[in-house]
Amino acid sequence: FSWCRIENDGLQELIQALAGHSGLKKLILSCSRVGRNGFAALATLLQNPNTELAVIDLGRNRIDDEGAAALSTCLAGNSTLRELNISSNPDITETGWQAIFAALQIPHCRLETLSLSEKSINDATAHSLSNTLANNSTIRALNLSGNPNITIAGWRALFQFLQSPTCMLEELDLCNIEIDDDVALSLANALTNNRSLRRFNIGGNRGITMAGWHTIFDFLQSPHS
């Protein structure tokens, strides 16, 4: 149902109709402008003990803090969801992200893949995300591509988590984030002390010069890579 321009009440009716299909595994609602009633229906669906829903895409939905709080309620009552895309929702402020991240730290959360790409977060959110990941043992893949509003302060907070012995991330997408040599150096240092990451994407970062690339290449040639 991506790009269908179904909004609020229409989405409520759609989700209520889908609730009767216990075998539903994936729900794509990007660009659908999920409103209050839509989130209420989604919460009911996710909290249904018979649901098998594993993937939800809510990218480009103009979600604001009210929507983020509603999404947090949805996540808090569910243990089947494995993949969540909330990319390109720049109207969510730190207040909204705090609500979502709190839900991701609930013990029965089983989310494995989280996408926050396309100008979704800034330094404050990056710090909060780092703390969230430190208290979450299930997320294995994180997409932060296309987030140029994160400065070196925010990246250092996230890279600090990468060095933690509790880090379980296996995939990290950092393409097109407009980082420079300083961030590249911090990343290389973090990767040197990381034992979980198996795949990372750092393409499209034209601000990195050969000096920055050399620090990353040195890591790739080390016995720890």
# chains A, B, ... in the order shown; residues from 1 in each chain; ligands from 1

call {"tool": "residues_around", "arguments": {"residues": "A:Gly67", "least_positions_apart": "3", "cutoff": "10 Å", "atoms": "only C-alpha atoms", "output": "JSON list (two decimals) with all heavy atoms, in the first residue's frame"}}
result
[["chain", "number", "residue", "atom", "x", "y", "z"],
["A", 33, "ARG", "N", 0.66, 8.63, 5.25],
["A", 33, "ARG", "CA", 0.19, 9.60, 6.24],
["A", 33, "ARG", "C", -0.68, 8.94, 7.31],
["A", 33, "ARG", "O", -1.86, 9.26, 7.46],
["A", 33, "ARG", "CB", -0.55, 10.75, 5.57],
["A", 33, "ARG", "CG", 0.31, 11.52, 4.58],
["A", 33, "ARG", "CD", -0.40, 12.73, 4.02],
["A", 33, "ARG", "NE", 0.42, 13.38, 2.99],
["A", 33, "ARG", "CZ", 0.05, 14.46, 2.32],
["A", 33, "ARG", "NH1", -1.12, 15.00, 2.55],
["A", 33, "ARG", "NH2", 0.84, 14.98, 1.41],
["A", 34, "VAL", "N", -0.08, 8.02, 8.01],
["A", 34, "VAL", "CA", -0.78, 7.35, 9.11],
["A", 34, "VAL", "C", -1.10, 8.39, 10.18],
["A", 34, "VAL", "O", -0.21, 9.05, 10.70],
["A", 34, "VAL", "CB", 0.08, 6.23, 9.71],
["A", 34, "VAL", "CG1", -0.66, 5.55, 10.85],
["A", 34, "VAL", "CG2", 0.45, 5.21, 8.64],
["A", 35, "GLY", "N", -2.36, 8.54, 10.52],
["A", 35, "GLY", "CA", -2.78, 9.50, 11.54],
["A", 35, "GLY", "C", -3.13, 8.82, 12.85],
["A", 35, "GLY", "O", -2.82, 7.65, 13.08],
["A", 36, "ARG", "N", -3.80, 9.58, 13.74],
["A", 36, "ARG", "CA", -4.13, 9.07, 15.07],
["A", 36, "ARG", "C", -4.97, 7.79, 14.98],
["A", 36, "ARG", "O", -4.68, 6.79, 15.64],
["A", 36, "ARG", "CB", -4.89, 10.14, 15.86],
["A", 36, "ARG", "CG", -5.28, 9.70, 17.26],
["A", 36, "ARG", "CD", -6.04, 10.82, 17.97],
["A", 36, "ARG", "NE", -5.23, 12.02, 18.08],
["A", 36, "ARG", "CZ", -5.70, 13.17, 18.58],
["A", 36, "ARG", "NH1", -6.96, 13.27, 18.97],
["A", 36, "ARG", "NH2", -4.91, 14.23, 18.68],
["A", 38, "GLY", "N", -5.26, 5.77, 12.45],
["A", 38, "GLY", "CA", -4.48, 4.73, 11.81],
["A", 38, "GLY", "C", -3.55, 4.04, 12.78],
["A", 38, "GLY", "O", -3.44, 2.80, 12.79],
["A", 39, "PHE", "N", -2.88, 4.83, 13.64],
["A", 39, "PHE", "CA", -1.99, 4.25, 14.63],
["A", 39, "PHE", "C", -2.76, 3.45, 15.69],
["A", 39, "PHE", "O", -2.27, 2.44, 16.19],
["A", 39, "PHE", "CB", -1.15, 5.33, 15.31],
["A", 39, "PHE", "CG", 0.11, 5.66, 14.57],
["A", 39, "PHE", "CD1", 0.32, 6.93, 14.06],
["A", 39, "PHE", "CD2", 1.08, 4.70, 14.36],
["A", 39, "PHE", "CE1", 1.47, 7.24, 13.36],
["A", 39, "PHE", "CE2", 2.25, 5.00, 13.66],
["A", 39, "PHE", "CZ", 2.44, 6.27, 13.17],
["A", 40, "ALA", "N", -3.94, 3.93, 16.03],
["A", 40, "ALA", "CA", -4.77, 3.19, 17.00],
["A", 40, "ALA", "C", -5.10, 1.80, 16.44],
["A", 40, "ALA", "O", -5.04, 0.80, 17.16],
["A", 40, "ALA", "CB", -6.04, 3.97, 17.29],
["A", 61, "ASN", "N", 6.11, 9.26, 6.12],
["A", 61, "ASN", "CA", 4.73, 9.33, 6.56],
["A", 61, "ASN", "C", 4.38, 10.63, 7.27],
["A", 61, "ASN", "O", 3.28, 10.75, 7.83],
["A", 61, "ASN", "CB", 4.42, 8.15, 7.49],
["A", 61, "ASN", "CG", 3.56, 7.11, 6.82],
["A", 61, "ASN", "OD1", 2.39, 7.34, 6.55],
["A", 61, "ASN", "ND2", 4.15, 5.96, 6.54],
["A", 62, "ARG", "N", 5.32, 11.57, 7.31],
["A", 62, "ARG", "CA", 5.08, 12.83, 8.03],
["A", 62, "ARG", "C", 4.68, 12.57, 9.48],
["A", 62, "ARG", "O", 3.82, 13.26, 10.03],
["A", 62, "ARG", "CB", 4.01, 13.67, 7.32],
["A", 62, "ARG", "CG", 4.41, 14.11, 5.92],
["A", 62, "ARG", "CD", 3.42, 15.10, 5.33],
["A", 62, "ARG", "NE", 3.81, 15.48, 3.98],
["A", 62, "ARG", "CZ", 3.13, 16.32, 3.22],
["A", 62, "ARG", "NH1", 2.01, 16.87, 3.67],
["A", 62, "ARG", "NH2", 3.54, 16.61, 2.01],
["A", 63, "ILE", "N", 5.30, 11.58, 10.07],
["A", 63, "ILE", "CA", 5.04, 11.28, 11.48],
["A", 63, "ILE", "C", 5.63, 12.39, 12.33],
["A", 63, "ILE", "O", 6.77, 12.82, 12.12],
["A", 63, "ILE", "CB", 5.66, 9.92, 11.87],
["A", 63, "ILE", "CG1", 5.06, 8.80, 11.03],
["A", 63, "ILE", "CG2", 5.46, 9.64, 13.35],
["A", 63, "ILE", "CD1", 5.73, 7.45, 11.24],
["A", 64, "ASP", "N", 4.86, 12.89, 13.30],
["A", 64, "ASP", "CA", 5.35, 13.89, 14.23],
["A", 64, "ASP", "C", 5.47, 13.25, 15.62],
["A", 64, "ASP", "O", 5.40, 12.02, 15.76],
["A", 64, "ASP", "CB", 4.42, 15.11, 14.25],
["A", 64, "ASP", "CG", 2.98, 14.75, 14.60],
["A", 64, "ASP", "OD1", 2.73, 13.61, 15.05],
["A", 64, "ASP", "OD2", 2.10, 15.61, 14.41],
["A", 70, "ALA", "N", 2.36, 7.35, 19.54],
["A", 70, "ALA", "CA", 1.42, 6.29, 19.18],
["A", 70, "ALA", "C", 2.17, 5.05, 18.67],
["A", 70, "ALA", "O", 1.81, 3.91, 19.01],
["A", 70, "ALA", "CB", 0.45, 6.80, 18.11],
["A", 71, "LEU", "N", 3.22, 5.27, 17.88],
["A", 71, "LEU", "CA", 4.03, 4.16, 17.39],
["A", 71, "LEU", "C", 4.71, 3.44, 18.55],
["A", 71, "LEU", "O", 4.80, 2.20, 18.57],
["A", 71, "LEU", "CB", 5.08, 4.68, 16.41],
["A", 71, "LEU", "CG", 6.08, 3.65, 15.87],
["A", 71, "LEU", "CD1", 5.36, 2.51, 15.17],
["A", 71, "LEU", "CD2", 7.08, 4.31, 14.94],
["A", 72, "SER", "N", 5.17, 4.21, 19.52],
["A", 72, "SER", "CA", 5.78, 3.61, 20.71],
["A", 72, "SER", "C", 4.82, 2.66, 21.41],
["A", 72, "SER", "O", 5.21, 1.56, 21.83],
["A", 72, "SER", "CB", 6.22, 4.72, 21.67],
["A", 72, "SER", "OG", 6.70, 4.17, 22.88],
["A", 73, "THR", "N", 3.56, 3.06, 21.51],
["A", 73, "THR", "CA", 2.54, 2.20, 22.12],
["A", 73, "THR", "C", 2.38, 0.92, 21.30],
["A", 73, "THR", "O", 2.26, -0.18, 21.86],
["A", 73, "THR", "CB", 1.20, 2.93, 22.20],
["A", 73, "THR", "OG1", 1.36, 4.11, 23.00],
["A", 73, "THR", "CG2", 0.12, 2.05, 22.82],
["A", 91, "ASP", "N", 9.84, 15.31, 10.99],
["A", 91, "ASP", "CA", 9.04, 16.08, 11.96],
["A", 91, "ASP", "C", 9.10, 15.48, 13.36],
["A", 91, "ASP", "O", 8.58, 16.08, 14.31],
["A", 91, "ASP", "CB", 7.58, 16.15, 11.50],
["A", 91, "ASP", "CG", 7.40, 16.97, 10.23],
["A", 91, "ASP", "OD1", 8.26, 17.85, 9.98],
["A", 91, "ASP", "OD2", 6.43, 16.75, 9.49],
["A", 92, "ILE", "N", 9.70, 14.32, 13.50],
["A", 92, "ILE", "CA", 9.86, 13.73, 14.83],
["A", 92, "ILE", "C", 11.01, 14.45, 15.53],
["A", 92, "ILE", "O", 12.12, 14.52, 15.01],
["A", 92, "ILE", "CB", 10.16, 12.23, 14.76],
["A", 92, "ILE", "CG1", 9.07, 11.47, 14.00],
["A", 92, "ILE", "CG2", 10.31, 11.65, 16.16],
["A", 92, "ILE", "CD1", 9.35, 9.98, 13.83],
["A", 96, "GLY", "N", 9.82, 12.72, 20.52],
["A", 96, "GLY", "CA", 9.23, 11.57, 19.85],
["A", 96, "GLY", "C", 10.18, 10.39, 19.77],
["A", 96, "GLY", "O", 9.78, 9.24, 19.98],
["A", 100, "ILE", "N", 9.94, 6.34, 21.12],
["A", 100, "ILE", "CA", 10.19, 5.15, 20.29],
["A", 100, "ILE", "C", 11.33, 4.32, 20.86],
["A", 100, "ILE", "O", 11.23, 3.09, 20.98],
["A", 100, "ILE", "CB", 10.50, 5.56, 18.85],
["A", 100, "ILE", "CG1", 9.25, 6.17, 18.18],
["A", 100, "ILE", "CG2", 11.00, 4.37, 18.03],
["A", 100, "ILE", "CD1", 9.51, 6.78, 16.82]]

call {"tool": "select_by_dssp", "arguments": {"residues": "stretch 49-126 of chain A", "states": "helix (DSSP H, G or I)", "output": "number ranges by chain"}}
result
A: 65-76, 94-104, 123-126

call {"tool": "write_last_selection", "arguments": {"atoms": "N, CA and C atoms", "output": "JSON list (two decimals), in the first residue's frame"}}
result
[["chain", "number", "residue", "atom", "x", "y", "z"],
["A", 65, "ASP", "N", 5.66, 14.07, 16.66],
["A", 65, "ASP", "CA", 5.85, 13.52, 18.00],
["A", 65, "ASP", "C", 4.61, 12.77, 18.49],
["A", 66, "GLU", "N", 3.44, 13.25, 18.14],
["A", 66, "GLU", "CA", 2.21, 12.56, 18.53],
["A", 66, "GLU", "C", 2.16, 11.17, 17.87],
["A", 67, "GLY", "N", 2.52, 11.13, 16.59],
["A", 67, "GLY", "CA", 2.57, 9.86, 15.90],
["A", 67, "GLY", "C", 3.64, 8.94, 16.46],
["A", 68, "ALA", "N", 4.79, 9.52, 16.85],
["A", 68, "ALA", "CA", 5.86, 8.74, 17.44],
["A", 68, "ALA", "C", 5.43, 8.10, 18.76],
["A", 69, "ALA", "N", 4.69, 8.86, 19.56],
["A", 69, "ALA", "CA", 4.18, 8.32, 20.83],
["A", 69, "ALA", "C", 3.20, 7.17, 20.56],
["A", 70, "ALA", "N", 2.36, 7.35, 19.54],
["A", 70, "ALA", "CA", 1.42, 6.29, 19.18],
["A", 70, "ALA", "C", 2.17, 5.05, 18.67],
["A", 71, "LEU", "N", 3.22, 5.27, 17.88],
["A", 71, "LEU", "CA", 4.03, 4.16, 17.39],
["A", 71, "LEU", "C", 4.71, 3.44, 18.55],
["A", 72, "SER", "N", 5.17, 4.21, 19.52],
["A", 72, "SER", "CA", 5.78, 3.61, 20.71],
["A", 72, "SER", "C", 4.82, 2.66, 21.41],
["A", 73, "THR", "N", 3.56, 3.06, 21.51],
["A", 73, "THR", "CA", 2.54, 2.20, 22.12],
["A", 73, "THR", "C", 2.38, 0.92, 21.30],
["A", 74, "CYS", "N", 2.41, 1.06, 19.98],
["A", 74, "CYS", "CA", 2.31, -0.11, 19.10],
["A", 74, "CYS", "C", 3.45, -1.09, 19.37],
["A", 75, "LEU", "N", 4.66, -0.56, 19.45],
["A", 75, "LEU", "CA", 5.84, -1.40, 19.62],
["A", 75, "LEU", "C", 5.89, -2.06, 20.99],
["A", 76, "ALA", "N", 5.42, -1.32, 21.99],
["A", 76, "ALA", "CA", 5.51, -1.81, 23.37],
["A", 76, "ALA", "C", 4.68, -3.07, 23.60],
["A", 94, "GLU", "N", 13.29, 15.18, 19.31],
["A", 94, "GLU", "CA", 13.92, 14.31, 20.31],
["A", 94, "GLU", "C", 12.88, 13.70, 21.25],
["A", 95, "THR", "N", 11.81, 14.44, 21.54],
["A", 95, "THR", "CA", 10.74, 13.91, 22.41],
["A", 95, "THR", "C", 10.12, 12.66, 21.80],
["A", 96, "GLY", "N", 9.82, 12.72, 20.52],
["A", 96, "GLY", "CA", 9.23, 11.57, 19.85],
["A", 96, "GLY", "C", 10.18, 10.39, 19.77],
["A", 97, "TRP", "N", 11.45, 10.68, 19.47],
["A", 97, "TRP", "CA", 12.43, 9.59, 19.39],
["A", 97, "TRP", "C", 12.62, 8.92, 20.74],
["A", 98, "GLN", "N", 12.60, 9.71, 21.80],
["A", 98, "GLN", "CA", 12.74, 9.12, 23.15],
["A", 98, "GLN", "C", 11.64, 8.11, 23.41],
["A", 99, "ALA", "N", 10.42, 8.43, 22.96],
["A", 99, "ALA", "CA", 9.30, 7.51, 23.15],
["A", 99, "ALA", "C", 9.51, 6.22, 22.38],
["A", 100, "ILE", "N", 9.94, 6.34, 21.12],
["A", 100, "ILE", "CA", 10.19, 5.15, 20.29],
["A", 100, "ILE", "C", 11.33, 4.32, 20.86],
["A", 101, "PHE", "N", 12.41, 4.98, 21.25],
["A", 101, "PHE", "CA", 13.57, 4.25, 21.75],
["A", 101, "PHE", "C", 13.27, 3.56, 23.08],
["A", 102, "ALA", "N", 12.39, 4.16, 23.88],
["A", 102, "ALA", "CA", 12.01, 3.51, 25.14],
["A", 102, "ALA", "C", 11.34, 2.17, 24.86],
["A", 103, "ALA", "N", 10.51, 2.13, 23.83],
["A", 103, "ALA", "CA", 9.82, 0.89, 23.47],
["A", 103, "ALA", "C", 10.81, -0.17, 22.99],
["A", 104, "LEU", "N", 11.87, 0.26, 22.32],
["A", 104, "LEU", "CA", 12.86, -0.69, 21.80],
["A", 104, "LEU", "C", 13.70, -1.31, 22.91],
["A", 123, "ASP", "N", 22.27, 15.09, 16.19],
["A", 123, "ASP", "CA", 23.20, 14.69, 17.25],
["A", 123, "ASP", "C", 22.49, 14.20, 18.51],
["A", 124, "ALA", "N", 21.46, 14.94, 18.95],
["A", 124, "ALA", "CA", 20.76, 14.55, 20.17],
["A", 124, "ALA", "C", 20.14, 13.17, 20.02],
["A", 125, "THR", "N", 19.54, 12.93, 18.87],
["A", 125, "THR", "CA", 18.93, 11.62, 18.62],
["A", 125, "THR", "C", 19.99, 10.54, 18.52],
["A", 126, "ALA", "N", 21.13, 10.87, 17.94],
["A", 126, "ALA", "CA", 22.23, 9.90, 17.83],
["A", 126, "ALA", "C", 22.70, 9.46, 19.21]]

call {"tool": "residues_around", "arguments": {"residues": "A:Cys167", "least_positions_apart": "2", "cutoff": "8 Å", "atoms": "only C-alpha atoms", "output": "list in words"}}
result
Leu133, Ala134, Ser137, Phe161, Leu162, Gln163, Ser164, Pro165, Leu169, Asn194 and Ser196 of chain A

call {"tool": "write_last_selection", "arguments": {"atoms": "all heavy atoms", "output": "PDB file, in the first residue's frame"}}
result
ATOM      1  N   LEU A 133      20.703   1.336  21.922  1.00  0.00           N
ATOM      2  CA  LEU A 133      21.365   0.137  21.415  1.00  0.00           C
ATOM      3  C   LEU A 133      22.137  -0.584  22.517  1.00  0.00           C
ATOM      4  O   LEU A 133      22.235  -1.814  22.518  1.00  0.00           O
ATOM      5  CB  LEU A 133      22.313   0.512  20.274  1.00  0.00           C
ATOM      6  CG  LEU A 133      21.643   1.032  19.002  1.00  0.00           C
ATOM      7  CD1 LEU A 133      22.688   1.568  18.023  1.00  0.00           C
ATOM      8  CD2 LEU A 133      20.813  -0.057  18.343  1.00  0.00           C
ATOM      9  N   ALA A 134      22.655   0.189  23.462  1.00  0.00           N
ATOM     10  CA  ALA A 134      23.385  -0.417  24.576  1.00  0.00           C
ATOM     11  C   ALA A 134      22.467  -1.245  25.474  1.00  0.00           C
ATOM     12  O   ALA A 134      22.933  -2.131  26.194  1.00  0.00           O
ATOM     13  CB  ALA A 134      24.081   0.667  25.399  1.00  0.00           C
ATOM     14  N   SER A 137      19.409  -6.070  22.891  1.00  0.00           N
ATOM     15  CA  SER A 137      20.271  -7.190  22.510  1.00  0.00           C
ATOM     16  C   SER A 137      19.827  -7.882  21.230  1.00  0.00           C
ATOM     17  O   SER A 137      20.387  -8.911  20.857  1.00  0.00           O
ATOM     18  CB  SER A 137      20.317  -8.215  23.646  1.00  0.00           C
ATOM     19  OG  SER A 137      19.022  -8.735  23.902  1.00  0.00           O
ATOM     20  N   PHE A 161      29.439   3.161  21.121  1.00  0.00           N
ATOM     21  CA  PHE A 161      28.669   1.927  21.301  1.00  0.00           C
ATOM     22  C   PHE A 161      29.276   0.783  20.491  1.00  0.00           C
ATOM     23  O   PHE A 161      29.306  -0.366  20.946  1.00  0.00           O
ATOM     24  CB  PHE A 161      27.214   2.142  20.880  1.00  0.00           C
ATOM     25  CG  PHE A 161      26.472   0.858  20.644  1.00  0.00           C
ATOM     26  CD1 PHE A 161      26.134   0.034  21.708  1.00  0.00           C
ATOM     27  CD2 PHE A 161      26.156   0.442  19.358  1.00  0.00           C
ATOM     28  CE1 PHE A 161      25.479  -1.177  21.501  1.00  0.00           C
ATOM     29  CE2 PHE A 161      25.504  -0.752  19.132  1.00  0.00           C
ATOM     30  CZ  PHE A 161      25.168  -1.570  20.206  1.00  0.00           C
ATOM     31  N   LEU A 162      29.770   1.072  19.275  1.00  0.00           N
ATOM     32  CA  LEU A 162      30.362   0.026  18.444  1.00  0.00           C
ATOM     33  C   LEU A 162      31.528  -0.667  19.139  1.00  0.00           C
ATOM     34  O   LEU A 162      31.824  -1.833  18.862  1.00  0.00           O
ATOM     35  CB  LEU A 162      30.852   0.612  17.116  1.00  0.00           C
ATOM     36  CG  LEU A 162      29.809   0.999  16.064  1.00  0.00           C
ATOM     37  CD1 LEU A 162      30.497   1.531  14.821  1.00  0.00           C
ATOM     38  CD2 LEU A 162      28.933  -0.199  15.705  1.00  0.00           C
ATOM     39  N   GLN A 163      32.185   0.060  20.034  1.00  0.00           N
ATOM     40  CA  GLN A 163      33.332  -0.508  20.736  1.00  0.00           C
ATOM     41  C   GLN A 163      32.937  -1.271  21.985  1.00  0.00           C
ATOM     42  O   GLN A 163      33.782  -1.920  22.616  1.00  0.00           O
ATOM     43  CB  GLN A 163      34.304   0.611  21.122  1.00  0.00           C
ATOM     44  CG  GLN A 163      34.825   1.391  19.938  1.00  0.00           C
ATOM     45  CD  GLN A 163      35.756   2.501  20.337  1.00  0.00           C
ATOM     46  OE1 GLN A 163      36.863   2.268  20.831  1.00  0.00           O
ATOM     47  NE2 GLN A 163      35.315   3.733  20.150  1.00  0.00           N
ATOM     48  N   SER A 164      31.663  -1.214  22.336  1.00  0.00           N
ATOM     49  CA  SER A 164      31.201  -1.875  23.556  1.00  0.00           C
ATOM     50  C   SER A 164      31.197  -3.393  23.377  1.00  0.00           C
ATOM     51  O   SER A 164      30.823  -3.894  22.319  1.00  0.00           O
ATOM     52  CB  SER A 164      29.792  -1.391  23.904  1.00  0.00           C
ATOM     53  OG  SER A 164      29.211  -2.212  24.904  1.00  0.00           O
ATOM     54  N   PRO A 165      31.575  -4.131  24.387  1.00  0.00           N
ATOM     55  CA  PRO A 165      31.516  -5.601  24.290  1.00  0.00           C
ATOM     56  C   PRO A 165      30.095  -6.131  24.164  1.00  0.00           C
ATOM     57  O   PRO A 165      29.905  -7.279  23.776  1.00  0.00           O
ATOM     58  CB  PRO A 165      32.185  -6.070  25.592  1.00  0.00           C
ATOM     59  CG  PRO A 165      32.182  -4.892  26.499  1.00  0.00           C
ATOM     60  CD  PRO A 165      32.186  -3.679  25.646  1.00  0.00           C
ATOM     61  N   LEU A 169      25.542  -5.472  16.747  1.00  0.00           N
ATOM     62  CA  LEU A 169      25.291  -5.084  15.355  1.00  0.00           C
ATOM     63  C   LEU A 169      26.144  -5.894  14.390  1.00  0.00           C
ATOM     64  O   LEU A 169      27.347  -6.067  14.608  1.00  0.00           O
ATOM     65  CB  LEU A 169      25.597  -3.605  15.146  1.00  0.00           C
ATOM     66  CG  LEU A 169      24.537  -2.571  15.527  1.00  0.00           C
ATOM     67  CD1 LEU A 169      25.034  -1.185  15.153  1.00  0.00           C
ATOM     68  CD2 LEU A 169      23.209  -2.854  14.846  1.00  0.00           C
ATOM     69  N   ASN A 194      35.706  -3.514  17.507  1.00  0.00           N
ATOM     70  CA  ASN A 194      34.394  -4.154  17.364  1.00  0.00           C
ATOM     71  C   ASN A 194      34.565  -5.598  16.904  1.00  0.00           C
ATOM     72  O   ASN A 194      35.380  -5.889  16.036  1.00  0.00           O
ATOM     73  CB  ASN A 194      33.545  -3.383  16.348  1.00  0.00           C
ATOM     74  CG  ASN A 194      32.202  -4.024  16.100  1.00  0.00           C
ATOM     75  OD1 ASN A 194      32.083  -4.952  15.301  1.00  0.00           O
ATOM     76  ND2 ASN A 194      31.172  -3.553  16.772  1.00  0.00           N
ATOM     77  N   SER A 196      31.577  -7.654  16.341  1.00  0.00           N
ATOM     78  CA  SER A 196      30.299  -8.176  15.851  1.00  0.00           C
ATOM     79  C   SER A 196      29.993  -7.815  14.401  1.00  0.00           C
ATOM     80  O   SER A 196      29.334  -8.574  13.688  1.00  0.00           O
ATOM     81  CB  SER A 196      29.147  -7.682  16.741  1.00  0.00           C
ATOM     82  OG  SER A 196      29.008  -6.275  16.637  1.00  0.00           O
TER      83      SER A 196
END

call {"tool": "atom_distance", "arguments": {"atom1": "atom CA of A:Thr93", "atom2": "atom CA of A:Thr138"}}
result
24.6 Å

call {"tool": "residues_around", "arguments": {"residues": "A:Asn122", "least_positions_apart": "5", "cutoff": "8 Å", "atoms": "only C-alpha atoms", "output": "list in words"}}
result
Asn147, Asn149, Ile150, Thr151 and Gly154 of chain A

call {"tool": "write_last_selection", "arguments": {"atoms": "C-alpha atoms", "output": "PDB file, in the first residue's frame"}}
result
ATOM      1  CA  ASN A 147      21.715  11.658   7.693  1.00  0.00           C
ATOM      2  CA  ASN A 149      22.622  16.519  10.232  1.00  0.00           C
ATOM      3  CA  ILE A 150      24.685  14.281  12.508  1.00  0.00           C
ATOM      4  CA  THR A 151      28.007  15.947  13.338  1.00  0.00           C
ATOM      5  CA  GLY A 154      26.791  12.428  17.352  1.00  0.00           C
TER       6      GLY A 154
END

call {"tool": "residues_around", "arguments": {"residues": "A:His21", "least_positions_apart": "6", "cutoff": "12 Å", "atoms": "only C-alpha atoms", "output": "number ranges by chain"}}
result
A: 14-15, 27, 45, 48, 50-53

call {"tool": "write_last_selection", "arguments": {"atoms": "N, CA and C atoms", "output": "PDB file, in the first residue's frame"}}
result
ATOM      1  N   LEU A  14      -8.525  -0.037   6.602  1.00  0.00           N
ATOM      2  CA  LEU A  14      -7.658  -1.011   5.948  1.00  0.00           C
ATOM      3  C   LEU A  14      -7.005  -1.932   6.976  1.00  0.00           C
ATOM      4  N   ILE A  15      -6.428  -1.341   8.022  1.00  0.00           N
ATOM      5  CA  ILE A  15      -5.733  -2.141   9.032  1.00  0.00           C
ATOM      6  C   ILE A  15      -6.710  -3.048   9.774  1.00  0.00           C
ATOM      7  N   LEU A  27       3.796  -5.364   6.151  1.00  0.00           N
ATOM      8  CA  LEU A  27       2.852  -4.281   5.906  1.00  0.00           C
ATOM      9  C   LEU A  27       3.627  -3.040   5.473  1.00  0.00           C
ATOM     10  N   LEU A  45      -3.678  -4.138  15.939  1.00  0.00           N
ATOM     11  CA  LEU A  45      -3.162  -5.219  15.115  1.00  0.00           C
ATOM     12  C   LEU A  45      -1.898  -5.825  15.727  1.00  0.00           C
ATOM     13  N   ASN A  48      -2.484  -7.897  18.860  1.00  0.00           N
ATOM     14  CA  ASN A  48      -3.305  -9.096  18.701  1.00  0.00           C
ATOM     15  C   ASN A  48      -2.432 -10.324  18.954  1.00  0.00           C
ATOM     16  N   ASN A  50      -2.622 -13.202  18.003  1.00  0.00           N
ATOM     17  CA  ASN A  50      -2.526 -14.081  16.839  1.00  0.00           C
ATOM     18  C   ASN A  50      -1.729 -13.483  15.680  1.00  0.00           C
ATOM     19  N   THR A  51      -1.258 -12.241  15.839  1.00  0.00           N
ATOM     20  CA  THR A  51      -0.554 -11.603  14.738  1.00  0.00           C
ATOM     21  C   THR A  51       0.787 -12.267  14.477  1.00  0.00           C
ATOM     22  N   GLU A  52       1.165 -12.320  13.200  1.00  0.00           N
ATOM     23  CA  GLU A  52       2.476 -12.820  12.804  1.00  0.00           C
ATOM     24  C   GLU A  52       3.250 -11.744  12.048  1.00  0.00           C
ATOM     25  N   LEU A  53       2.801 -10.512  12.178  1.00  0.00           N
ATOM     26  CA  LEU A  53       3.410  -9.396  11.450  1.00  0.00           C
ATOM     27  C   LEU A  53       4.874  -9.235  11.857  1.00  0.00           C
TER      28      LEU A  53
END

call {"tool": "residues_around", "arguments": {"residues": "A:Ile152", "least_positions_apart": "3", "cutoff": "6 Å", "atoms": "only C-alpha atoms", "output": "PyMOL selection string"}}
result
chain A and resi 155-156+183

call {"tool": "atom_distance", "arguments": {"atom1": "atom CA of A:Gly59", "atom2": "atom CA of A:Gly207"}}
result
27.0 Å

call {"tool": "select_by_dssp", "arguments": {"residues": "stretch 15-122 of chain A", "states": "strand (DSSP E or B)", "output": "list in words"}}
result
Lys26, Leu27, Ile28, Val55, Ile56, Asp57, Glu83, Leu84, Asn85, Thr113, Leu114 and Ser115 of chain A

call {"tool": "residues_around", "arguments": {"residues": "A:Ala141", "least_positions_apart": "5", "cutoff": "8 Å", "atoms": "only C-alpha atoms", "output": "list in words"}}
result
Glu112, Thr113, Leu114, Leu169, Glu170, Glu171 and Leu172 of chain A

call {"tool": "atom_distance", "arguments": {"atom1": "atom CA of A:Asn201", "atom2": "atom CA of A:Asp173"}}
result
4.7 Å
